[in-house]
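**Student:** Dropping in run.txt, with compact mmCIF, C-alpha atoms and all ligand atoms.
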# COMPACT_ATOMS: atom_id res chain seq x y z
CA MET A 1 98.29 74.19 63.24
CA THR A 2 95.73 71.72 61.95
CA ILE A 3 92.46 73.26 60.84
CA PRO A 4 89.48 71.71 62.66
CA PRO A 5 86.11 71.23 60.96
CA ALA A 6 84.59 73.98 63.13
CA TYR A 7 85.97 76.58 60.72
CA ARG A 8 83.58 77.83 58.08
CA LEU A 9 83.59 76.63 54.49
CA ALA A 10 85.59 79.49 52.92
CA THR A 11 88.33 78.96 55.49
CA LEU A 12 88.41 75.19 54.98
CA LEU A 13 88.67 75.64 51.20
CA VAL A 14 91.86 77.69 51.60
CA GLN A 15 93.51 76.27 54.70
CA GLY A 16 91.94 72.86 55.38
CA GLY A 17 94.29 69.91 55.57
CA ILE A 18 97.58 71.82 55.25
CA GLU A 19 100.60 70.11 56.72
CA ARG A 20 103.72 72.24 56.49
CA SER A 21 107.22 70.81 56.16
CA GLN A 22 110.16 71.90 58.29
CA TYR A 23 110.65 74.83 55.84
CA GLY A 24 107.37 76.55 56.76
CA GLU A 25 106.29 77.12 53.15
CA THR A 26 103.18 79.30 52.60
CA ALA A 27 101.70 77.24 49.77
CA GLU A 28 101.05 73.52 50.03
CA ALA A 29 104.29 71.66 49.27
CA LEU A 30 104.41 69.45 46.19
CA PHE A 31 105.97 66.13 47.19
CA LEU A 32 106.68 64.88 43.69
CA THR A 33 108.13 61.57 44.77
CA SER A 34 107.19 57.98 44.12
CA GLY A 35 108.86 56.59 47.23
CA PHE A 36 110.34 57.45 50.63
CA VAL A 37 113.55 56.50 52.44
CA TYR A 38 114.04 55.20 55.95
CA ASP A 39 116.69 56.07 58.51
CA ASN A 40 117.46 52.38 58.95
CA ALA A 41 116.11 48.87 58.41
CA GLU A 42 114.30 48.93 61.75
CA GLN A 43 112.30 52.00 60.69
CA ALA A 44 111.37 50.32 57.40
CA GLU A 45 110.19 47.24 59.32
CA ALA A 46 108.16 49.36 61.75
CA THR A 47 106.57 51.22 58.82
CA PHE A 48 105.47 48.00 57.17
CA LYS A 49 104.14 46.69 60.47
CA ALA A 50 102.20 50.00 60.69
CA SER A 51 103.56 50.45 64.18
CA ILE A 52 104.82 53.93 63.18
CA ASP A 53 103.38 56.61 60.92
CA HIS A 54 105.79 56.90 57.97
CA TYR A 55 105.11 57.24 54.24
CA GLN A 56 106.34 54.22 52.30
CA TYR A 57 105.31 54.52 48.64
CA SER A 58 103.05 56.97 46.79
CA ARG A 59 100.63 54.21 45.78
CA PHE A 60 99.95 53.82 49.50
CA GLY A 61 100.01 57.50 50.38
CA ASN A 62 101.72 60.80 49.61
CA PRO A 63 101.83 63.98 51.72
CA THR A 64 100.47 66.27 48.98
CA VAL A 65 97.68 63.84 48.11
CA ALA A 66 96.93 63.48 51.84
CA MET A 67 96.51 67.25 52.15
CA LEU A 68 93.92 67.16 49.35
CA GLU A 69 92.14 64.20 50.96
CA ARG A 70 91.94 65.97 54.32
CA ARG A 71 90.68 69.20 52.73
CA LEU A 72 88.01 67.39 50.69
CA ALA A 73 86.85 65.46 53.77
CA LEU A 74 86.55 68.71 55.78
CA ILE A 75 84.54 70.39 53.03
CA GLU A 76 82.24 67.40 52.58
CA GLY A 77 81.81 66.82 56.30
CA ALA A 78 83.00 63.23 55.74
CA GLU A 79 85.16 61.21 58.12
CA ALA A 80 87.58 60.14 55.41
CA CYS A 81 88.52 60.59 51.76
CA CYS A 82 90.55 58.69 49.21
CA ALA A 83 91.72 60.57 46.11
CA THR A 84 91.91 58.77 42.76
CA ALA A 85 93.44 59.36 39.33
CA THR A 86 90.11 60.22 37.67
CA GLY A 87 86.43 60.48 38.48
CA MET A 88 85.84 57.12 36.81
CA ALA A 89 88.57 55.55 38.95
CA ALA A 90 86.63 56.84 41.97
CA VAL A 91 83.31 55.36 40.81
CA ASN A 92 84.93 52.08 39.73
CA ALA A 93 86.84 51.70 43.00
CA ALA A 94 83.77 52.46 45.13
CA LEU A 95 81.83 49.77 43.25
CA PHE A 96 84.45 47.03 42.95
CA ALA A 97 85.79 47.53 46.48
CA HIS A 98 82.32 46.97 47.92
CA LEU A 99 80.79 44.36 45.60
CA LYS A 100 81.29 40.63 45.05
CA ALA A 101 79.85 37.97 42.76
CA GLY A 102 76.19 37.28 43.54
CA ASP A 103 75.49 40.87 44.63
CA ARG A 104 72.81 43.05 43.13
CA VAL A 105 73.09 46.74 42.21
CA VAL A 106 70.28 49.20 41.57
CA ALA A 107 71.10 52.44 39.74
CA SER A 108 69.29 55.42 38.33
CA ARG A 109 69.27 55.26 34.55
CA ALA A 110 70.38 58.88 34.15
CA LEU A 111 74.09 58.29 34.77
CA PHE A 112 77.31 59.60 33.26
CA GLY A 113 78.01 57.44 30.18
CA ALA A 114 81.00 55.52 31.62
CA CYS A 115 79.14 54.84 34.91
CA HIS A 116 76.23 53.50 32.86
CA TRP A 117 78.66 51.14 31.04
CA ILE A 118 80.16 49.81 34.29
CA ILE A 119 76.70 49.05 35.67
CA SER A 120 75.16 47.64 32.50
CA THR A 121 78.14 45.84 30.95
CA LEU A 122 81.07 45.37 33.32
CA LEU A 123 79.42 44.33 36.60
CA PRO A 124 77.37 41.49 35.03
CA ARG A 125 80.63 39.99 33.68
CA PHE A 126 81.68 39.46 37.28
CA GLY A 127 78.38 37.92 38.33
CA ILE A 128 76.93 41.11 39.77
CA ALA A 129 73.34 41.69 38.69
CA SER A 130 72.31 45.23 37.85
CA GLU A 131 69.01 46.97 37.36
CA PHE A 132 68.22 50.49 36.18
CA VAL A 133 65.30 52.56 37.37
CA ASP A 134 63.93 55.98 36.44
CA GLY A 135 65.61 57.95 39.24
CA THR A 136 62.75 60.43 39.50
CA ASP A 137 60.13 57.71 40.10
CA ILE A 138 60.12 56.61 43.75
CA ASP A 139 57.76 53.71 42.93
CA GLN A 140 60.40 52.20 40.64
CA TRP A 141 63.01 52.52 43.40
CA ARG A 142 60.58 50.90 45.85
CA ALA A 143 59.91 47.98 43.48
CA ALA A 144 63.61 47.44 42.70
CA LEU A 145 64.60 47.66 46.36
CA ALA A 146 61.87 45.30 47.57
CA ARG A 147 64.53 42.58 47.08
CA PRO A 148 67.92 42.61 48.81
CA ALA A 149 70.62 44.72 47.15
CA ALA A 150 74.23 45.54 47.97
CA LEU A 151 74.65 48.95 46.43
CA VAL A 152 72.71 51.86 44.93
CA LEU A 153 74.40 54.29 42.53
CA LEU A 154 72.79 57.55 41.51
CA GLU A 155 73.55 60.98 40.16
CA SER A 156 71.58 64.10 41.08
CA PRO A 157 71.22 66.49 39.33
CA SER A 158 71.79 64.12 36.44
CA ASN A 159 73.78 64.55 33.26
CA PRO A 160 72.50 66.01 30.95
CA MET A 161 68.78 66.34 31.75
CA LEU A 162 69.25 67.72 35.29
CA GLU A 163 66.80 65.27 36.82
CA ILE A 164 66.63 65.26 40.61
CA VAL A 165 66.60 62.09 42.70
CA ASP A 166 65.03 62.26 46.18
CA LEU A 167 68.16 61.28 48.11
CA ARG A 168 66.51 60.86 51.51
CA ALA A 169 63.69 58.67 50.20
CA VAL A 170 66.02 56.48 48.11
CA ALA A 171 68.51 56.14 50.98
CA ASP A 172 65.75 54.90 53.30
CA LEU A 173 64.63 52.27 50.77
CA ALA A 174 68.22 51.26 49.99
CA HIS A 175 69.18 50.83 53.63
CA ALA A 176 66.09 48.70 54.25
CA ALA A 177 67.23 46.49 51.33
CA GLY A 178 70.72 46.17 52.83
CA ALA A 179 72.39 48.45 50.26
CA ILE A 180 74.85 51.29 50.67
CA VAL A 181 74.08 54.45 48.68
CA VAL A 182 76.80 55.92 46.46
CA VAL A 183 76.06 59.41 45.11
CA ASP A 184 77.94 60.87 42.16
CA ASN A 185 77.78 64.52 43.27
CA VAL A 186 79.69 66.10 40.38
CA PHE A 187 76.93 68.38 39.08
CA ALA A 188 76.11 69.72 42.56
CA THR A 189 79.78 70.15 43.60
CA PRO A 190 80.79 69.66 47.26
CA LEU A 191 79.38 73.14 47.96
CA LEU A 192 75.74 73.01 46.84
CA GLN A 193 74.57 69.60 48.04
CA LYS A 194 75.64 67.38 50.96
CA PRO A 195 74.55 63.81 50.16
CA LEU A 196 75.95 62.39 53.43
CA GLN A 197 73.55 64.63 55.36
CA LEU A 198 70.69 63.34 53.18
CA GLY A 199 71.35 59.68 53.94
CA ALA A 200 74.04 58.69 51.42
CA ASP A 201 76.91 56.48 52.61
CA VAL A 202 79.52 57.31 49.99
CA VAL A 203 80.05 60.37 47.78
CA VAL A 204 82.17 60.34 44.62
CA TYR A 205 83.58 63.19 42.57
CA SER A 206 85.28 63.77 39.32
CA CYS A 207 87.71 66.47 40.54
CA THR A 208 88.37 67.07 36.83
CA LYS A 209 85.24 69.19 36.80
CA HIS A 210 84.59 72.12 39.18
CA ILE A 211 87.31 71.24 41.72
CA ASP A 212 90.09 71.79 39.19
CA GLY A 213 87.68 73.93 37.20
CA GLN A 214 90.41 75.28 34.97
CA GLY A 215 90.73 72.49 32.44
CA ARG A 216 94.14 71.25 33.59
CA VAL A 217 94.07 67.84 35.25
CA LEU A 218 91.99 64.73 35.81
CA GLY A 219 91.26 63.59 39.33
CA GLY A 220 88.67 61.90 41.50
CA ALA A 221 87.69 61.36 45.11
CA VAL A 222 85.66 58.94 47.21
CA LEU A 223 84.34 60.05 50.61
CA GLY A 224 82.66 58.11 53.40
CA THR A 225 83.05 56.82 56.92
CA LYS A 226 86.54 56.16 58.28
CA LYS A 227 85.64 52.49 58.66
CA TRP A 228 84.41 52.00 55.08
CA ILE A 229 87.24 54.01 53.51
CA GLU A 230 89.98 52.30 55.54
CA GLU A 231 88.64 48.76 55.60
CA THR A 232 86.81 48.45 52.26
CA LEU A 233 88.11 51.07 49.84
CA GLN A 234 91.75 51.57 50.77
CA PRO A 235 92.90 47.94 50.33
CA PHE A 236 91.35 48.00 46.84
CA ILE A 237 92.98 51.33 45.89
CA ARG A 238 96.39 50.46 47.36
CA ASN A 239 96.58 47.07 45.70
CA THR A 240 95.06 47.95 42.32
CA GLY A 241 96.70 51.38 42.03
CA PRO A 242 94.26 54.00 40.61
CA VAL A 243 95.92 56.67 42.77
CA LEU A 244 96.15 60.40 42.15
CA SER A 245 99.46 61.91 41.05
CA PRO A 246 100.94 64.31 43.67
CA PHE A 247 101.25 66.97 40.96
CA ASN A 248 97.55 66.72 40.14
CA ALA A 249 96.69 66.75 43.85
CA TRP A 250 98.67 69.97 44.21
CA LEU A 251 96.75 71.62 41.35
CA LEU A 252 93.46 70.43 42.85
CA LEU A 253 94.41 71.97 46.22
CA LYS A 254 94.91 75.26 44.37
CA GLY A 255 91.58 74.75 42.60
CA LEU A 256 89.77 74.30 45.91
CA GLU A 257 91.02 77.69 47.12
CA THR A 258 88.77 79.43 44.59
CA LEU A 259 86.01 76.81 44.30
CA ALA A 260 83.35 78.78 46.19
CA LEU A 261 84.04 81.99 44.29
CA ARG A 262 83.95 80.21 40.95
CA VAL A 263 80.87 78.08 41.64
CA GLU A 264 78.88 81.00 43.06
CA ALA A 265 79.66 83.18 40.04
CA ALA A 266 78.92 80.40 37.54
CA CYS A 267 75.63 79.55 39.29
CA ARG A 268 74.51 83.19 39.09
CA SER A 269 75.33 83.31 35.38
CA ALA A 270 73.76 79.90 34.72
CA ALA A 271 70.45 80.96 36.29
CA ALA A 272 70.47 84.17 34.23
CA ILE A 273 71.35 82.35 31.00
CA ALA A 274 68.65 79.73 31.59
CA ASP A 275 66.08 82.54 31.82
CA PHE A 276 67.58 84.27 28.80
CA LEU A 277 67.57 81.11 26.67
CA ALA A 278 63.91 80.48 27.56
CA THR A 279 63.03 83.76 25.79
CA GLN A 280 64.85 82.85 22.56
CA SER A 281 62.85 81.73 19.55
CA GLY A 282 63.83 78.24 18.48
CA VAL A 283 64.36 77.13 22.10
CA ALA A 284 61.54 74.69 22.86
CA ARG A 285 62.41 74.04 26.48
CA VAL A 286 64.98 74.87 29.16
CA TRP A 287 65.95 72.72 32.14
CA TYR A 288 67.49 74.41 35.17
CA PRO A 289 66.82 73.00 38.66
CA THR A 290 65.63 76.22 40.32
CA ARG A 291 63.52 77.56 37.42
CA GLU A 292 59.74 77.73 37.95
CA ASP A 293 59.16 75.28 35.10
CA HIS A 294 61.52 72.56 36.37
CA PRO A 295 59.23 69.62 37.22
CA GLN A 296 61.13 68.91 40.46
CA ARG A 297 61.91 72.47 41.51
CA ALA A 298 60.75 72.03 45.11
CA LEU A 299 62.91 68.94 45.63
CA ALA A 300 65.86 70.57 43.86
CA MET A 301 65.66 73.56 46.17
CA ALA A 302 65.23 71.43 49.29
CA GLN A 303 68.31 69.32 48.49
CA ALA A 304 70.71 71.93 47.15
CA SER A 305 71.48 75.55 47.93
CA ALA A 306 71.60 76.63 44.26
CA GLY A 307 70.76 75.35 40.79
CA GLY A 308 74.31 74.64 39.68
CA THR A 309 76.47 75.64 36.76
CA MET A 310 74.79 73.55 34.05
CA VAL A 311 71.88 74.52 31.80
CA THR A 312 70.21 72.11 29.39
CA PHE A 313 67.89 73.20 26.63
CA GLU A 314 66.13 71.77 23.61
CA LEU A 315 66.04 73.32 20.17
CA ALA A 316 62.80 72.88 18.24
CA GLY A 317 64.81 72.30 15.05
CA GLY A 318 66.48 69.09 16.29
CA LYS A 319 70.03 68.08 15.40
CA ASP A 320 70.39 70.52 12.50
CA ALA A 321 69.43 73.47 14.67
CA ALA A 322 71.68 72.22 17.48
CA PHE A 323 74.70 71.88 15.17
CA ARG A 324 74.00 75.31 13.61
CA LEU A 325 73.96 76.88 17.07
CA LEU A 326 77.12 75.11 18.27
CA ASN A 327 78.95 76.06 15.09
CA ALA A 328 77.86 79.71 15.22
CA LEU A 329 78.91 80.34 18.84
CA ARG A 330 82.29 82.08 19.20
CA LEU A 331 82.88 82.58 22.91
CA VAL A 332 81.19 79.37 24.05
CA ARG A 333 83.26 76.47 22.74
CA VAL A 334 82.17 73.01 21.68
CA SER A 335 83.49 70.44 24.18
CA ASN A 336 82.29 67.40 26.08
CA ASN A 337 83.95 68.65 29.29
CA LEU A 338 82.14 70.66 31.98
CA GLY A 339 82.66 72.57 35.19
CA ASP A 340 85.35 74.75 33.60
CA SER A 341 85.96 78.48 33.94
CA LYS A 342 85.44 78.60 30.17
CA SER A 343 81.85 78.11 28.99
CA LEU A 344 81.50 74.84 27.07
CA ILE A 345 78.63 73.44 25.02
CA THR A 346 77.81 69.83 24.15
CA HIS A 347 75.41 67.98 21.88
CA PRO A 348 74.91 64.87 24.07
CA ALA A 349 73.12 62.69 21.48
CA THR A 350 76.16 62.66 19.17
CA THR A 351 78.93 62.74 21.80
CA THR A 352 78.69 61.93 25.53
CA HIS A 353 75.49 59.90 25.15
CA MET A 354 76.03 58.46 21.66
CA LYS A 355 77.07 55.00 22.85
CA ILE A 356 74.03 54.34 25.08
CA GLY A 357 71.92 54.01 21.94
CA VAL A 358 68.76 55.57 20.61
CA GLU A 359 66.32 53.68 22.86
CA GLU A 360 68.07 54.55 26.12
CA ARG A 361 68.41 58.17 24.95
CA ALA A 362 64.67 58.26 24.30
CA ARG A 363 64.00 56.90 27.81
CA LEU A 364 66.20 59.64 29.25
CA GLY A 365 64.62 62.40 27.15
CA ILE A 366 67.89 63.15 25.32
CA THR A 367 66.42 64.14 21.97
CA ASP A 368 68.51 65.26 18.98
CA GLY A 369 67.62 68.86 19.82
CA VAL A 370 68.99 68.70 23.38
CA VAL A 371 72.06 70.82 24.11
CA ARG A 372 74.01 70.95 27.38
CA LEU A 373 75.74 74.16 28.45
CA SER A 374 78.41 74.35 31.15
CA VAL A 375 78.47 77.97 32.23
CA GLY A 376 81.88 79.47 32.95
CA LEU A 377 83.22 82.70 34.37
CA GLU A 378 82.98 85.01 31.35
CA ASP A 379 80.86 88.17 31.69
CA VAL A 380 77.28 86.96 31.51
CA GLU A 381 76.34 89.74 29.06
CA ASP A 382 79.02 88.53 26.63
CA LEU A 383 77.63 85.00 26.90
CA LYS A 384 74.08 86.18 26.23
CA GLU A 385 75.28 88.19 23.24
CA ASP A 386 77.11 85.14 21.91
CA PHE A 387 73.86 83.14 22.01
CA ALA A 388 71.79 85.97 20.55
CA ARG A 389 74.26 86.48 17.71
CA ALA A 390 74.55 82.73 17.03
CA ALA A 391 70.75 82.38 16.97
CA ALA A 392 70.48 85.26 14.50
CA ALA A 393 73.21 83.73 12.32
CA GLY A 394 71.48 80.31 12.37
C1 LIG B 1 83.11 63.60 34.35
C2 LIG B 1 82.22 62.79 35.17
C3 LIG B 1 82.63 61.53 35.63
C4 LIG B 1 83.96 60.92 35.27
O1 LIG B 1 85.04 61.70 35.65
P1 LIG B 1 86.50 61.65 34.96
O2 LIG B 1 87.33 62.53 35.80
O3 LIG B 1 86.30 62.13 33.54
O4 LIG B 1 86.93 60.23 34.96
C5 LIG B 1 81.74 60.81 36.40
N1 LIG B 1 80.52 61.29 36.72
C6 LIG B 1 80.10 62.50 36.30
C7 LIG B 1 78.75 62.98 36.67
C8 LIG B 1 80.94 63.30 35.51
O5 LIG B 1 80.51 64.49 35.08
Would you give me this structure, written as structure tokens?
**Tutor:**
Amino acid sequence: MTIPPAYRLATLLVQGGIERSQYGETAEALFLTSGFVYDNAEQAEATFKASIDHYQYSRFGNPTVAMLERRLALIEGAEACCATATGMAAVNAALFAHLKAGDRVVASRALFGACHWIISTLLPRFGIASEFVDGTDIDQWRAALARPAALVLLESPSNPMLEIVDLRAVADLAHAAGAIVVVDNVFATPLLQKPLQLGADVVVYSCTKHIDGQGRVLGGAVLGTKKWIEETLQPFIRNTGPVLSPFNAWLLLKGLETLALRVEAACRSAAAIADFLATQSGVARVWYPTREDHPQRALAMAQASAGGTMVTFELAGGKDAAFRLLNALRLVRVSNNLGDSKSLITHPATTTHMKIGVEERARLGITDGVVRLSVGLEDVEDLKEDFARAAAAG
């Protein structure tokens, strides 16, 4: 039985996209194979002519990867999905599949470090002009999109300052400028925010984050219309090869089964820890999208069903205080990763956002006292106690 999109989210997360083999296995089968055989030369010819439906090579398609792609498309409410080896492979493929020399790209400045590098450094090498705007300032979007553009890339909520971009307003401006809108929806997860319903054309994920959510594998996904995925993206992916391993696809299918349970629990804890941190001496400011003091709370709550699993805060004592806190925590571990069942803490200025330089960090509000927390699935009281104890020790 194929699972139609009419089923509710929890059902799609567990059963969506399954295609059972002749053995009737309960769990999704892992087709760990690079290639496929044909009954005869005629069948091989027909496969290459695409006159029959037959797998030919795992760079072109694999049954386990296809199950993941179908499940992700059902969850997103997208017509089609293409899985990739990493989140960056997804972003890179979406950009390079769509763009050509002479095109112009507009992006929000608050992007994941590697996305920022592609826009600022790599695209111009290929004759593609790029321009950054403050994603929270609609006037800057309007000015940048007063001229024709081919593509808009944005992230909301952004990493690490949890800024919110008005997706509907930006999509309207982008479409009027002739651009497609690509949204990096990692922080919101496929569950909390639906960019396609808010006007986006393409959604990208690092499946490494919440979708695996257990620190095991890298993966990515690009979602959009059937026409764009099949005609624009797929030829790029199939010929350049940033495809997802079947083994990683299998783990990601298992990750999706518990995604809603994990994200809901982590969101609850994150909201509680944001409030807790705001009461701690030494904490100058806390950013969490649904908190009263978030400058874009109304927009955050209109666009997403919860605040997410990330909390950002600023220590009054700058880098020294931040390092003291990170070093004194026991349960919460220092890592640049996020979206894991284990709580992880990052000092962006010296790690994930070191390479963008001091000026760009200042523009983004990433001071030396800013700390980013990815809230996991530990008991929230243990997490609070870890922070309280670390603060006392510092
Ligand atoms: C992690 C991340 C990426 C890149 O994903 P990888 O799987 O590490 O390649 C892109 N965008 C955002 C917002 C991320 O958090």
**Student:** Measure the distance from CA of Lys226 (chain A) to CA of Gly199 (chain A) in Å and round it to one decimal.
**Tutor:**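 Taking CA of Lys226 (chain A) as the start and CA of Gly199 (chain A) as the end point, the length is 16.2 Å.
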**Student:** Which centre and edge lengths in Å to one decimal define the box along x, y and z that fits every listed atom of ligand LIG 1 (chain B) plus 4 Å per side, as lines of an AutoDock Vina configuration file?
**Tutor:**
center_x = 83.0
center_y = 62.4
center_z = 35.1
size_x = 16.6
size_y = 12.3
size_z = 11.2
**Student:** Check which residues fall inside 6 Å of ligand LIG 1 (chain B) when counting all atoms listed in the file, and print them as a count of residues only.
**Tutor:** 11
**Student:** Rank nothing, just name the residue among A:Thr352, A:Asn239, A:Ser343, A:Gln15 nearest to Gln214 (chain A), using all atoms listed in the file.
**Tutor:**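 Going through A:Thr352, A:Asn239, A:Ser343, A:Gln15 one by one, the smallest distance to Gln214 (chain A) is for A:Ser343.
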**Student:** Any idea what's packed within 10 Å of Thr2 (chain A), counting only C-alpha atoms, ignoring anything in its chain fewer than 6 positions away? Could you give it as an MDAnalysis selection string?
**Tutor:** chainID A and resid 15:20
**Student:** Would you please work out which residue, of A:Arg125, A:Val370, A:Leu9, A:Trp228, is nearest to Gly102 (chain A) when using all atoms listed in the file?
**Tutor:**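 Closest residue, counting all atoms listed in the file: A:Arg125.
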**Student:** Between A:Val91, A:Ala143, A:Val286, A:Leu325, which residue has the minimum interatomic distance to Val203 (chain A), considering all atoms listed in the file?
**Tutor:**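 Among the listed residues, A:Val91 lies closest to Val203 (chain A).
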**Student:** Name all residues at most 7 Å from Glu155 (chain A) (count all atoms listed in the file; drop same-chain ones fewer than 5 positions away) and give them as a short mmCIF file (atom, residue, chain, number, x, y, z; two decimals) with C-alpha atoms, in the coordinates of the input.
**Tutor:**
data_model
loop_
_atom_site.label_atom_id
_atom_site.label_comp_id
_atom_site.auth_asym_id
_atom_site.auth_seq_id
_atom_site.Cartn_x
_atom_site.Cartn_y
_atom_site.Cartn_z
CA LEU A 111 74.09 58.29 34.77
CA VAL A 183 76.06 59.41 45.11
CA ASP A 184 77.94 60.87 42.16
CA ASN A 185 77.78 64.52 43.27
#
**Student:** When you look at Tyr288 (chain A) with a cut-off of 9 Å (counting all atoms listed in the file), what residues show up, excluding the ones that are within fewer than 4 positions of it in the same chain? I need them as JSON, numbers by chain.
**Tutor:** {"A": [161, 162, 270, 271, 274, 275, 292, 293, 294, 297, 307, 308, 310, 311, 312, 313]}
**Student:** Between CA of Leu151 (chain A) and CA of Glu359 (chain A), measure the distance and give it in Å to one decimal.
**Tutor:**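 Going from CA of Leu151 (chain A) over to CA of Glu359 (chain A) covers 25.4 Å.
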**Student:** Which residues come within 7 Å of Arg109 (chain A), counting all atoms listed in the file, excluding same-chain residues fewer than 3 positions away, as a list in words?
**Tutor:** Phe132, Val133, Asp134 and Gly135 of chain A
**Student:** Those selected residues, please, written with C-alpha atoms and delivered as an mmCIF file, in the frame of the given file.
**Tutor:**
data_model
loop_
_atom_site.group_PDB
_atom_site.id
_atom_site.type_symbol
_atom_site.label_atom_id
_atom_site.label_comp_id
_atom_site.auth_asym_id
_atom_site.auth_seq_id
_atom_site.Cartn_x
_atom_site.Cartn_y
_atom_site.Cartn_z
ATOM 1 C CA PHE A 132 68.220 50.490 36.180
ATOM 2 C CA VAL A 133 65.300 52.560 37.370
ATOM 3 C CA ASP A 134 63.930 55.980 36.440
ATOM 4 C CA GLY A 135 65.610 57.950 39.240
#
**Student:** Mind pulling up the distance from CA of Leu344 (chain A) to CA of Ser245 (chain A)?
**Tutor:**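 That distance, rounded to one decimal, is 26.2 Å.
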